[in-house]
file target-v9.cif (mmCIF, C-alpha atoms and all ligand atoms)
data_protein
#
loop_
_atom_site.label_atom_id
_atom_site.label_comp_id
_atom_site.auth_asym_id
_atom_site.auth_seq_id
_atom_site.Cartn_x
_atom_site.Cartn_y
_atom_site.Cartn_z
CA MET A 1 75.46 86.26 136.08
CA ASP A 2 78.41 88.17 134.63
CA THR A 3 80.74 85.80 136.45
CA TYR A 4 79.16 82.87 134.63
CA LEU A 5 79.84 84.46 131.25
CA ASN A 6 83.51 83.92 132.02
CA THR A 7 83.10 80.40 133.39
CA GLY A 8 83.75 77.14 131.55
CA ILE A 9 80.56 75.55 130.32
CA LYS A 10 81.20 72.18 132.01
CA GLU A 11 81.47 73.88 135.39
CA ILE A 12 78.17 75.68 134.81
CA ILE A 13 76.38 72.53 133.67
CA THR A 14 77.68 70.58 136.67
CA GLU A 15 76.32 73.22 139.00
CA PHE A 16 73.13 73.93 137.05
CA PRO A 17 72.19 70.84 134.99
CA GLU A 18 69.16 72.58 133.45
CA VAL A 19 71.54 74.84 131.50
CA GLU A 20 72.34 71.84 129.30
CA THR A 21 68.69 71.49 128.34
CA ILE A 22 68.44 75.21 127.62
CA LEU A 23 71.50 75.09 125.37
CA ASN A 24 70.11 72.03 123.57
CA ASP A 25 67.00 74.03 122.70
CA TYR A 26 69.29 76.30 120.64
CA ASP A 27 71.26 73.44 119.11
CA ILE A 28 74.28 74.23 121.25
CA GLY A 29 75.32 70.77 122.25
CA CYS A 30 77.88 71.37 124.97
CA GLY A 31 76.50 68.77 127.37
CA PRO A 32 78.26 65.68 126.05
CA CYS A 33 81.57 67.52 125.49
CA SER A 34 84.19 65.87 127.65
CA VAL A 35 86.35 68.96 127.90
CA GLY A 36 83.97 71.85 128.39
CA ILE A 37 86.51 74.58 128.96
CA CYS A 38 84.83 76.96 126.51
CA LEU A 39 83.51 80.06 128.23
CA LEU A 40 79.77 80.62 128.21
CA LYS A 41 80.12 84.02 126.52
CA ASP A 42 82.26 82.56 123.71
CA ILE A 43 79.83 79.72 123.14
CA VAL A 44 76.93 82.08 122.85
CA SER A 45 78.64 84.58 120.58
CA ILE A 46 80.14 81.99 118.26
CA HIS A 47 76.83 80.27 117.58
CA GLN A 48 75.56 83.29 115.72
CA LEU A 49 72.06 83.29 117.12
CA SER A 50 69.75 86.11 116.19
CA VAL A 51 69.71 89.01 118.64
CA GLU A 52 66.27 87.94 119.90
CA GLN A 53 67.28 84.30 120.30
CA GLU A 54 70.44 85.24 122.09
CA LYS A 55 68.57 87.56 124.44
CA GLU A 56 66.02 84.87 125.21
CA LEU A 57 68.74 82.27 125.76
CA MET A 58 70.65 84.52 128.13
CA GLU A 59 67.49 85.35 130.06
CA ARG A 60 66.75 81.66 130.50
CA ILE A 61 70.30 80.90 131.63
CA ALA A 62 70.25 83.87 134.01
CA ALA A 63 67.01 82.59 135.52
CA ALA A 64 68.54 79.13 135.92
CA VAL A 65 71.77 80.21 137.59
CA ASP A 66 70.29 83.00 139.64
CA PRO A 67 66.66 82.04 140.28
CA GLY A 68 64.02 84.25 141.82
CA LYS A 69 65.99 87.43 141.29
CA GLU A 70 65.51 90.46 139.12
CA HIS A 71 68.62 90.70 137.01
CA PRO A 72 69.59 92.90 134.18
CA VAL A 73 69.99 90.67 131.18
CA PRO A 74 73.71 90.16 130.67
CA LYS A 75 75.14 91.27 127.41
CA THR A 76 77.37 89.18 125.23
CA ARG A 77 79.69 90.86 122.80
CA LYS A 78 77.18 90.58 120.00
CA TRP A 79 74.72 92.75 121.86
CA SER A 80 77.14 95.51 122.54
CA SER A 81 77.86 95.75 118.82
CA PRO A 82 74.82 94.49 116.92
CA ALA A 83 76.49 94.52 113.54
CA PRO A 84 80.22 94.30 114.21
CA PRO A 85 81.59 97.59 112.91
CA LYS A 86 83.79 97.04 109.91
CA THR A 87 86.73 98.79 111.45
CA ARG A 88 89.79 98.79 109.30
CA ARG A 89 92.62 96.62 110.53
CA TYR A 90 96.01 97.58 109.20
CA SER A 91 99.01 95.30 109.33
CA PRO A 92 101.19 96.14 112.36
CA PRO A 93 103.80 98.22 110.47
CA LEU A 94 101.13 100.27 108.70
CA GLN A 95 99.21 100.57 111.95
CA LYS A 96 102.35 102.12 113.40
CA LEU A 97 102.34 104.79 110.70
CA VAL A 98 98.61 105.39 111.22
CA ASP A 99 99.27 105.83 114.94
CA GLU A 100 101.97 108.39 114.13
CA HIS A 101 99.44 110.24 111.97
CA VAL A 102 97.27 110.62 115.06
CA LEU A 103 99.85 112.82 116.78
CA ILE A 104 100.46 114.80 113.60
CA LYS A 105 96.69 115.33 113.26
CA ARG A 106 96.48 116.51 116.86
CA TRP A 107 99.21 119.05 116.08
CA ILE A 108 97.73 120.37 112.85
CA ALA A 109 94.32 120.68 114.53
CA LEU A 110 95.97 123.22 116.83
CA ILE A 111 97.52 125.30 114.04
CA PRO A 112 94.65 127.86 113.75
CA GLU A 113 95.00 128.80 117.44
CA PHE A 114 98.76 128.55 117.17
CA VAL A 115 98.68 131.06 114.31
CA ASP A 116 96.36 133.40 116.24
CA ALA A 117 98.74 133.31 119.18
CA LEU A 118 101.96 133.80 117.15
CA ASP A 119 104.37 135.93 119.16
CA LEU A 120 107.59 136.91 117.43
CA GLU A 121 108.57 139.40 120.07
CA SER A 122 109.23 137.49 123.28
CA GLU A 123 111.80 134.74 123.74
CA GLN A 124 109.06 132.45 125.00
CA GLY A 125 106.95 133.14 121.92
CA LYS A 126 109.87 132.42 119.59
CA LYS A 127 110.68 129.23 121.46
CA ARG A 128 107.15 127.98 120.95
CA ILE A 129 107.39 128.66 117.20
CA LEU A 130 110.73 126.85 117.02
CA ASP A 131 109.20 123.88 118.85
CA GLY A 132 106.31 123.84 116.39
CA ILE A 133 108.68 123.83 113.43
CA ASP A 134 110.76 121.14 115.11
CA MET A 135 107.63 119.01 115.53
CA ILE A 136 107.21 119.18 111.75
CA ARG A 137 110.85 118.68 110.85
CA SER A 138 111.79 116.01 113.36
CA TYR A 139 108.63 114.09 114.08
CA ALA A 140 106.48 114.46 110.95
CA ASP A 141 109.35 114.49 108.49
CA LYS A 142 112.47 112.82 109.83
CA TYR A 143 110.71 110.27 112.01
CA HIS A 144 107.57 109.62 109.98
CA HIS A 145 107.97 110.57 106.32
CA ALA A 146 111.42 109.01 106.25
CA LYS A 147 109.94 105.60 107.11
CA GLU A 148 107.51 106.02 104.26
CA GLU A 149 109.97 107.26 101.66
CA GLU A 150 113.06 105.28 102.54
CA ILE A 151 111.40 102.01 103.46
CA LEU A 152 107.70 101.51 102.74
CA PHE A 153 107.42 103.13 99.31
CA LYS A 154 110.42 101.13 98.07
CA TYR A 155 108.30 97.98 98.23
CA PHE A 156 106.12 99.40 95.47
CA ASP A 157 106.48 100.84 92.02
CA GLU A 158 107.51 104.38 92.85
CA THR A 159 106.57 105.60 89.40
CA ALA A 160 102.91 104.84 90.19
CA ASP A 161 100.82 108.02 90.23
CA ILE A 162 99.69 107.67 93.82
CA LEU A 163 103.25 107.36 95.08
CA LYS A 164 104.38 110.30 92.97
CA VAL A 165 101.64 112.38 94.60
CA MET A 166 102.76 111.27 98.07
CA HIS A 167 106.37 112.19 97.31
CA GLU A 168 105.26 115.57 95.97
CA ASP A 169 103.28 116.23 99.16
CA HIS A 170 106.34 115.44 101.27
CA THR A 171 108.48 117.74 99.11
CA ARG A 172 105.94 120.54 99.37
CA ALA A 173 105.80 120.08 103.15
CA ARG A 174 109.59 120.47 103.28
CA SER A 175 109.51 123.66 101.25
CA LEU A 176 106.84 125.04 103.58
CA VAL A 177 109.10 124.33 106.54
CA LYS A 178 111.90 126.26 104.81
CA ALA A 179 109.49 129.15 104.29
CA MET A 180 108.55 129.04 107.99
CA GLN A 181 112.18 129.12 109.08
CA LYS A 182 112.94 132.02 106.75
CA ALA A 183 109.86 133.93 107.91
CA LEU A 184 110.82 133.41 111.55
CA ALA A 185 114.35 134.67 110.90
CA GLU A 186 112.93 137.72 109.13
CA ASN A 187 110.22 138.36 111.71
CA ASP A 188 107.68 137.98 108.91
CA LYS A 189 104.51 137.04 110.76
CA LYS A 190 102.31 137.05 107.67
CA THR A 191 104.39 134.53 105.71
CA LEU A 192 104.81 132.40 108.82
CA SER A 193 101.04 132.27 109.35
CA GLU A 194 100.40 131.49 105.70
CA SER A 195 102.99 128.70 105.61
CA LEU A 196 101.63 127.11 108.77
CA THR A 197 98.07 127.25 107.45
CA ALA A 198 99.12 125.81 104.09
CA TYR A 199 100.99 123.03 105.91
CA ARG A 200 97.87 122.22 107.89
CA GLU A 201 95.75 121.90 104.78
CA LEU A 202 98.38 119.89 102.93
CA LEU A 203 98.96 117.40 105.72
CA ALA A 204 95.29 116.91 106.63
CA GLU A 205 94.55 115.84 103.07
CA HIS A 206 97.79 113.88 102.74
CA ILE A 207 97.11 111.83 105.88
CA ARG A 208 93.54 111.18 104.81
CA LYS A 209 94.78 109.81 101.48
CA GLU A 210 97.28 107.56 103.21
CA ASP A 211 94.91 106.26 105.90
CA GLU A 212 91.96 105.67 103.63
CA ILE A 213 93.41 104.80 100.26
CA LEU A 214 97.12 104.20 100.11
CA TYR A 215 97.71 102.06 103.18
CA PRO A 216 94.70 99.75 102.74
CA TRP A 217 95.81 99.20 99.15
CA MET A 218 99.40 98.56 100.24
CA ASP A 219 98.22 96.10 102.87
CA SER A 220 96.36 94.18 100.21
CA GLN A 221 99.59 93.88 98.20
CA LEU A 222 102.15 93.11 100.91
CA THR A 223 103.09 89.51 101.60
CA ASP A 224 103.43 88.27 105.18
CA ARG A 225 107.19 88.19 104.68
CA GLN A 226 107.19 91.87 103.72
CA VAL A 227 104.94 92.81 106.64
CA GLY A 228 107.37 91.17 109.08
CA GLU A 229 110.35 92.84 107.39
CA LEU A 230 108.72 96.26 107.47
CA PHE A 231 107.83 95.85 111.12
CA ALA A 232 111.42 94.99 112.03
CA ARG A 233 112.91 97.73 109.84
CA PHE A 234 110.61 100.39 111.29
CA ALA A 235 111.57 99.34 114.81
CA ARG A 236 115.25 99.52 113.89
CA VAL A 237 115.14 102.97 112.29
CA ASP A 238 113.04 104.33 115.15
CA GLN A 239 115.65 103.15 117.57
CA GLU A 240 118.49 104.58 115.50
CA SER A 241 116.76 107.90 114.82
CA GLY A 242 117.47 109.24 118.29
CA ILE A 243 114.02 110.84 118.18
CA ALA A 244 111.87 110.35 121.26
CA PRO A 245 108.19 110.53 120.24
CA GLU A 246 107.28 111.32 123.87
CA THR A 247 108.94 114.72 123.51
CA TYR A 248 106.56 115.62 120.69
CA GLU A 249 103.58 114.18 122.45
CA GLY A 250 104.49 116.41 125.38
CA PHE A 251 104.66 119.44 123.08
CA VAL A 252 101.21 118.68 121.62
CA ARG A 253 99.72 118.02 125.05
CA GLN A 254 101.06 121.33 126.35
CA LEU A 255 99.60 123.23 123.40
CA GLU A 256 96.24 121.48 123.81
CA ALA A 257 96.16 122.52 127.44
CA ALA A 258 97.18 126.09 126.57
CA PHE A 259 94.49 126.48 123.92
CA GLN A 260 91.68 124.81 125.79
CA MET B 1 126.25 52.34 110.07
CA THR B 2 123.91 55.28 110.77
CA PRO B 3 124.24 56.56 114.32
CA PHE B 4 121.17 56.10 116.50
CA GLU B 5 119.05 59.26 116.18
CA GLY B 6 116.15 58.50 118.50
CA CYS B 7 112.54 58.14 117.46
CA PRO B 8 112.29 58.37 113.66
CA GLY B 9 108.94 60.11 114.01
CA SER B 10 110.50 63.10 115.71
CA ARG B 11 113.76 63.16 113.77
CA MET B 12 114.53 66.62 112.43
CA MET B 13 114.62 66.88 108.68
CA GLN B 14 114.72 69.74 106.26
CA PHE B 15 113.67 69.19 102.70
CA ARG B 16 112.56 72.56 101.46
CA SER B 17 114.70 72.32 98.32
CA SER B 18 113.02 69.10 97.24
CA VAL B 19 109.56 70.55 97.69
CA GLU B 20 110.13 73.68 95.62
CA ASN B 21 107.58 76.43 95.61
CA LYS B 22 106.14 75.57 92.24
CA MET B 23 102.51 76.36 91.48
CA GLU B 24 100.67 73.46 90.01
CA GLY B 25 98.20 73.64 87.19
CA SER B 26 94.71 72.54 88.14
CA ALA B 27 95.06 69.20 86.34
CA GLU B 28 98.27 68.39 88.15
CA LYS B 29 98.50 66.60 91.46
CA ILE B 30 98.76 69.08 94.34
CA ARG B 31 102.20 68.78 95.87
CA SER B 32 102.90 69.09 99.54
CA GLN B 33 104.41 72.39 100.65
CA LEU B 34 105.62 70.93 103.93
CA ALA B 35 109.31 71.61 104.19
CA GLN B 36 110.31 70.23 107.59
CA TRP B 37 109.78 67.54 110.21
CA PRO B 38 108.63 67.25 112.97
CA ILE B 39 105.64 69.54 113.20
CA GLN B 40 103.81 68.71 116.44
CA MET B 41 104.39 71.42 119.04
CA HIS B 42 105.75 68.99 121.66
CA LEU B 43 108.17 67.50 119.17
CA ILE B 44 109.51 70.59 117.48
CA ASN B 45 112.65 72.36 118.51
CA PRO B 46 111.93 76.10 118.34
CA ALA B 47 115.59 76.70 117.56
CA ALA B 48 115.54 74.45 114.46
CA PRO B 49 117.16 76.10 111.43
CA TYR B 50 113.90 76.29 109.51
CA TYR B 51 112.40 78.56 112.18
CA GLN B 52 115.23 81.09 112.08
CA GLY B 53 113.86 84.37 110.73
CA ALA B 54 110.93 82.43 109.29
CA ASP B 55 107.29 83.18 108.73
CA VAL B 56 105.80 80.60 111.04
CA LEU B 57 102.37 78.99 110.96
CA LEU B 58 100.95 77.79 114.24
CA THR B 59 98.02 75.69 113.19
CA ALA B 60 95.32 73.98 115.20
CA ASP B 61 95.32 70.27 114.37
CA CYS B 62 91.96 70.27 112.61
CA VAL B 63 92.68 73.17 110.26
CA ALA B 64 94.59 71.30 107.58
CA TYR B 65 91.70 68.84 107.22
CA ALA B 66 89.11 71.56 106.92
CA LEU B 67 90.95 74.01 104.70
CA GLY B 68 91.06 72.62 101.18
CA ASP B 69 93.89 74.78 99.94
CA PHE B 70 95.96 74.72 103.10
CA HIS B 71 99.18 73.79 101.36
CA ARG B 72 99.11 76.30 98.53
CA GLU B 73 97.41 79.18 100.30
CA TYR B 74 98.93 79.03 103.76
CA LEU B 75 101.76 76.54 104.18
CA LYS B 76 103.72 77.56 101.10
CA GLY B 77 106.93 79.31 102.07
CA LYS B 78 106.24 79.00 105.80
CA SER B 79 107.52 76.88 108.66
CA LEU B 80 104.96 74.96 110.63
CA ALA B 81 103.94 73.76 114.07
CA ILE B 82 100.63 72.17 114.99
CA ALA B 83 98.82 71.84 118.29
CA CYS B 84 95.41 71.34 119.78
CA PRO B 85 94.55 73.95 122.38
CA LYS B 86 91.70 71.82 123.63
CA LEU B 87 93.24 68.41 124.14
CA ASP B 88 97.00 68.79 124.37
CA GLU B 89 98.63 68.40 127.76
CA GLY B 90 101.45 70.55 129.05
CA GLN B 91 100.73 73.73 127.15
CA SER B 92 103.11 75.78 129.27
CA VAL B 93 105.81 74.14 127.15
CA TYR B 94 104.10 75.61 124.09
CA LEU B 95 104.15 79.04 125.64
CA GLU B 96 107.88 78.81 126.18
CA LYS B 97 108.47 77.51 122.64
CA ILE B 98 106.50 80.36 121.08
CA ARG B 99 108.44 82.83 123.19
CA ALA B 100 111.67 81.20 121.98
CA TRP B 101 110.51 81.67 118.37
CA PHE B 102 110.06 85.37 119.01
CA GLU B 103 113.18 86.03 121.02
CA ASP B 104 115.75 83.43 120.04
CA SER B 105 114.84 82.29 116.54
CA LYS B 106 113.80 85.82 115.64
CA ILE B 107 110.92 84.70 113.50
CA ASN B 108 109.59 87.25 111.03
CA THR B 109 105.83 86.75 111.49
CA LEU B 110 103.51 84.31 113.25
CA THR B 111 100.24 83.24 111.66
CA VAL B 112 97.85 81.39 113.93
CA LEU B 113 95.30 79.27 112.09
CA ILE B 114 92.38 78.13 114.18
CA MET B 115 88.98 76.58 113.72
CA GLU B 116 85.85 78.57 114.38
CA VAL B 117 84.98 76.52 117.46
CA PRO B 118 85.37 78.64 120.60
CA CYS B 119 87.91 76.43 122.36
CA CYS B 120 90.27 76.95 119.42
CA MET B 121 90.68 80.58 120.47
CA GLY B 122 92.95 79.17 123.16
CA LEU B 123 95.72 78.81 120.59
CA LEU B 124 95.55 82.50 119.71
CA GLN B 125 95.49 83.39 123.41
CA LEU B 126 98.61 81.30 123.88
CA ALA B 127 100.39 83.17 121.08
CA ARG B 128 99.31 86.49 122.54
CA GLN B 129 100.48 85.50 126.00
CA ALA B 130 103.85 84.49 124.58
CA ALA B 131 104.04 87.79 122.69
CA GLU B 132 103.37 89.70 125.89
CA ALA B 133 106.11 87.80 127.67
CA SER B 134 108.55 88.43 124.84
CA LYS B 135 110.74 91.51 124.59
CA ARG B 136 110.93 91.17 120.84
CA LYS B 137 107.65 91.88 119.06
CA VAL B 138 106.54 90.23 115.85
CA PRO B 139 103.41 90.75 113.74
CA ILE B 140 100.78 88.12 114.54
CA LYS B 141 98.05 87.28 112.09
CA TYR B 142 95.11 85.03 112.80
CA VAL B 143 92.94 83.10 110.45
CA VAL B 144 89.66 81.57 111.55
CA VAL B 145 88.52 78.60 109.49
CA GLY B 146 84.95 77.35 109.38
CA VAL B 147 84.24 73.68 109.76
CA GLN B 148 83.21 73.62 106.12
CA GLY B 149 86.53 74.99 105.06
CA ASP B 150 85.73 78.65 104.50
CA VAL B 151 88.07 81.30 105.79
CA LEU B 152 85.78 83.26 108.12
CA LYS B 153 88.31 85.83 109.20
CA GLU B 154 91.85 86.76 108.37
CA GLU B 155 93.29 89.65 110.30
CA TRP B 156 96.45 91.02 111.82
CA ALA B 157 96.19 91.08 115.59
CA ALA B 158 96.79 94.42 117.27
CA ALA B 159 100.53 94.69 117.95
FE FE C 301 103.28 110.59 103.76
FE FE C 302 102.18 109.51 106.55
#
call {"tool": "encode", "arguments": {"input": "target-v9.cif", "output": "structure tokens", "more": "lines below"}}
Ligand SMILES: [Fe+2]
Ligand SMILES: [Fe+2]
result
Amino acid sequence: MDTYLNTGIKEIITEFPEVETILNDYDIGCGPCSVGICLLKDIVSIHQLSVEQEKELMERIAAAVDPGKEHPVPKTRKWSSPAPPKTRRYSPPLQKLVDEHVLIKRWIALIPEFVDALDLESEQGKKRILDGIDMIRSYADKYHHAKEEEILFKYFDETADILKVMHEDHTRARSLVKAMQKALAENDKKTLSESLTAYRELLAEHIRKEDEILYPWMDSQLTDRQVGELFARFARVDQESGIAPETYEGFVRQLEAAFQ
Amino acid sequence: MTPFEGCPGSRMMQFRSSVENKMEGSAEKIRSQLAQWPIQMHLINPAAPYYQGADVLLTADCVAYALGDFHREYLKGKSLAIACPKLDEGQSVYLEKIRAWFEDSKINTLTVLIMEVPCCMGLLQLARQAAEASKRKVPIKYVVVGVQGDVLKEEWAAA
């Protein structure tokens, strides 16, 4: 039956003429259509039948195309998601930034364990700390925040309160990185731990604000022309940045494995 | 004497400046926002100047009849091509033309306007297929129009 879900309706009706009558019972008049390339699953889902009606219809079709057999009732898309979840769809350039947030969130989720495991004695321990700071400086700041500050935010009134708050968060993140670097140089484990923890809290809230409030609002304001421009400009600066996101994904993956 | 330029119906013209993107008051006659000719997918040249860097609308034939405010809401400021994914022959040509928009004409965005009928999805599939085949990526938006003229969905497709 699953095969028939992905078959053109004309083909099905030719093979099983009773399907036409079944569809007619639900006011789906595919029979006389001279083209009939629409797939059965699309026809059923687009006609917005009630869940019960759709189930009944699919059972009847299944019985017609595969008679005398016990078959699990095939599911159309509507069944798998009864009320289509209202997932947020960002424009492609903003989706790119949201995707970058995902890696940053994976990193900051690891900070508590990272702090517990801080080792300022061994070379290996110091290297790991340097890599963590580099993740913040290069990926979160240079690669990600720069696209926001130097490109995206310029499309809006930067004196607006919400944008001022975003800028302040970025500035505070930078000063925390400076504090981390200083603490590392001075072997000051306490300050290093505090700065990392403060960074985690700052960024978790900052990303939440962007994902849930700022970006959806920006998307509602951007014209198609601006969306296309942003998309192209992001791609260009990414290419020119010399930063390979895979490096940072590798770092996060390694930490995740180490702390599992 | 004007040199022979082939079929007048497919002759390339650009008249954006004479259309002007002026918003009309409700009492005024609604002016066309069409700024080019031709528009049918078989007739258009994807390298035409009005596609260069443009925000392009790829519209199923029926959409402009169904959507009352097509000109002001969707066509304004955009370059156009129309096609019917159900009835048109030779759609591999379309695929190549859409790819040429992406790669050669470096269009800025592509908006695919389709009717709610299932076969119309074919036009979006075609755009997606062309996007996959293209090295240069462009944001693609799709708008699904109901037969009574309501916009049922307007969404950016996943890049
Ligand atoms: Fe930010
Ligand atoms: Fe961000």
call {"tool": "interface_residues", "arguments": {"input": "target-v9.cif", "of": "chain B", "to": "chain A", "cutoff": "10 Å", "atoms": "only C-alpha atoms", "output": "ChimeraX atom specification"}}
result
/B:53-56,77-78,86-87,107-111,116-122,136-141,155-159
call {"tool": "residues_near_ligand", "arguments": {"input": "target-v9.cif", "ligand": "ligand FE 301 (chain C)", "cutoff": "8 Å", "atoms": "all atoms listed in the file", "output": "VMD selection string"}}
result
chain A and resid 144 to 145 148 to 149 166 to 167 169 to 170 206 to 207 210
call {"tool": "residues_near_ligand", "arguments": {"input": "target-v9.cif", "ligand": "ligand FE 302 (chain C)", "cutoff": "12 Å", "atoms": "all atoms listed in the file", "output": "ChimeraX atom specification"}}
result
/A:94-105,139-149,152-153,163,166-167,169-170,173,202-215
call {"tool": "closest_residue", "arguments": {"input": "target-v9.cif", "among": "A:Ser138, A:Ser50, A:Ser122, A:Thr223", "to": "A:Arg174", "atoms": "all atoms listed in the file"}}
result
A:Ser138
call {"tool": "residues_around", "arguments": {"input": "target-v9.cif", "residues": "A:Lys178", "least_positions_apart": "3", "cutoff": "12 Å", "atoms": "all atoms listed in the file", "output": "PyMOL selection string"}}
result
chain A and resi 133-134+136-137+171-175+181-185+191-192+195-196+199
call {"tool": "residues_near_point", "arguments": {"input": "target-v9.cif", "point": "(102.5, 74.7, 117.4)", "cutoff": "7 Å", "atoms": "all atoms listed in the file", "output": "list in words"}}
result
Gln40, Met41, Leu58, Thr59, Ala81, Ile82, Ala83 and Tyr94 of chain B
call {"tool": "atom_distance", "arguments": {"input": "target-v9.cif", "atom1": "atom CA of B:Gln148", "atom2": "atom CA of A:Met58"}}
result
27.6 Å
call {"tool": "decode", "arguments": {"input": "target-v9.cif", "residues": "stretch 217-236 of chain A", "atoms": "N, CA and C atoms", "output": "PDB file, in the first residue's frame"}}
result
ATOM      1  N   TRP A 217      11.161  38.844  14.804  1.00  0.00           N
ATOM      2  CA  TRP A 217      10.747  40.225  14.526  1.00  0.00           C
ATOM      3  C   TRP A 217      11.472  40.757  13.297  1.00  0.00           C
ATOM      4  N   MET A 218      12.781  40.509  13.222  1.00  0.00           N
ATOM      5  CA  MET A 218      13.551  40.978  12.065  1.00  0.00           C
ATOM      6  C   MET A 218      13.013  40.376  10.781  1.00  0.00           C
ATOM      7  N   ASP A 219      12.711  39.077  10.824  1.00  0.00           N
ATOM      8  CA  ASP A 219      12.164  38.425   9.634  1.00  0.00           C
ATOM      9  C   ASP A 219      10.871  39.077   9.177  1.00  0.00           C
ATOM     10  N   SER A 220      10.082  39.548  10.139  1.00  0.00           N
ATOM     11  CA  SER A 220       8.816  40.165   9.741  1.00  0.00           C
ATOM     12  C   SER A 220       9.055  41.540   9.108  1.00  0.00           C
ATOM     13  N   GLN A 221      10.226  42.114   9.318  1.00  0.00           N
ATOM     14  CA  GLN A 221      10.516  43.442   8.776  1.00  0.00           C
ATOM     15  C   GLN A 221      11.308  43.405   7.468  1.00  0.00           C
ATOM     16  N   LEU A 222      12.083  42.348   7.270  1.00  0.00           N
ATOM     17  CA  LEU A 222      12.968  42.314   6.102  1.00  0.00           C
ATOM     18  C   LEU A 222      12.194  42.098   4.810  1.00  0.00           C
ATOM     19  N   THR A 223      12.590  42.810   3.764  1.00  0.00           N
ATOM     20  CA  THR A 223      11.989  42.574   2.452  1.00  0.00           C
ATOM     21  C   THR A 223      12.707  41.382   1.808  1.00  0.00           C
ATOM     22  N   ASP A 224      12.105  40.832   0.762  1.00  0.00           N
ATOM     23  CA  ASP A 224      12.746  39.722   0.052  1.00  0.00           C
ATOM     24  C   ASP A 224      14.121  40.146  -0.466  1.00  0.00           C
ATOM     25  N   ARG A 225      14.190  41.379  -0.952  1.00  0.00           N
ATOM     26  CA  ARG A 225      15.465  41.884  -1.476  1.00  0.00           C
ATOM     27  C   ARG A 225      16.539  41.832  -0.388  1.00  0.00           C
ATOM     28  N   GLN A 226      16.164  42.276   0.803  1.00  0.00           N
ATOM     29  CA  GLN A 226      17.133  42.288   1.911  1.00  0.00           C
ATOM     30  C   GLN A 226      17.522  40.875   2.332  1.00  0.00           C
ATOM     31  N   VAL A 227      16.544  39.965   2.316  1.00  0.00           N
ATOM     32  CA  VAL A 227      16.839  38.570   2.679  1.00  0.00           C
ATOM     33  C   VAL A 227      17.886  37.990   1.726  1.00  0.00           C
ATOM     34  N   GLY A 228      17.683  38.225   0.424  1.00  0.00           N
ATOM     35  CA  GLY A 228      18.641  37.726  -0.571  1.00  0.00           C
ATOM     36  C   GLY A 228      20.018  38.340  -0.377  1.00  0.00           C
ATOM     37  N   GLU A 229      20.035  39.648  -0.122  1.00  0.00           N
ATOM     38  CA  GLU A 229      21.307  40.362   0.092  1.00  0.00           C
ATOM     39  C   GLU A 229      22.049  39.803   1.300  1.00  0.00           C
ATOM     40  N   LEU A 230      21.308  39.643   2.398  1.00  0.00           N
ATOM     41  CA  LEU A 230      21.911  39.125   3.632  1.00  0.00           C
ATOM     42  C   LEU A 230      22.513  37.747   3.399  1.00  0.00           C
ATOM     43  N   PHE A 231      21.742  36.925   2.702  1.00  0.00           N
ATOM     44  CA  PHE A 231      22.184  35.555   2.436  1.00  0.00           C
ATOM     45  C   PHE A 231      23.518  35.575   1.680  1.00  0.00           C
ATOM     46  N   ALA A 232      23.584  36.414   0.649  1.00  0.00           N
ATOM     47  CA  ALA A 232      24.805  36.489  -0.161  1.00  0.00           C
ATOM     48  C   ALA A 232      25.956  37.096   0.654  1.00  0.00           C
ATOM     49  N   ARG A 233      25.660  38.117   1.450  1.00  0.00           N
ATOM     50  CA  ARG A 233      26.731  38.766   2.223  1.00  0.00           C
ATOM     51  C   ARG A 233      27.275  37.836   3.314  1.00  0.00           C
ATOM     52  N   PHE A 234      26.386  37.080   3.940  1.00  0.00           N
ATOM     53  CA  PHE A 234      26.840  36.113   4.949  1.00  0.00           C
ATOM     54  C   PHE A 234      27.775  35.080   4.307  1.00  0.00           C
ATOM     55  N   ALA A 235      27.365  34.599   3.135  1.00  0.00           N
ATOM     56  CA  ALA A 235      28.174  33.575   2.456  1.00  0.00           C
ATOM     57  C   ALA A 235      29.553  34.149   2.127  1.00  0.00           C
ATOM     58  N   ARG A 236      29.565  35.410   1.687  1.00  0.00           N
ATOM     59  CA  ARG A 236      30.827  36.039   1.320  1.00  0.00           C
ATOM     60  C   ARG A 236      31.730  36.215   2.546  1.00  0.00           C
TER      61      ARG A 236
END
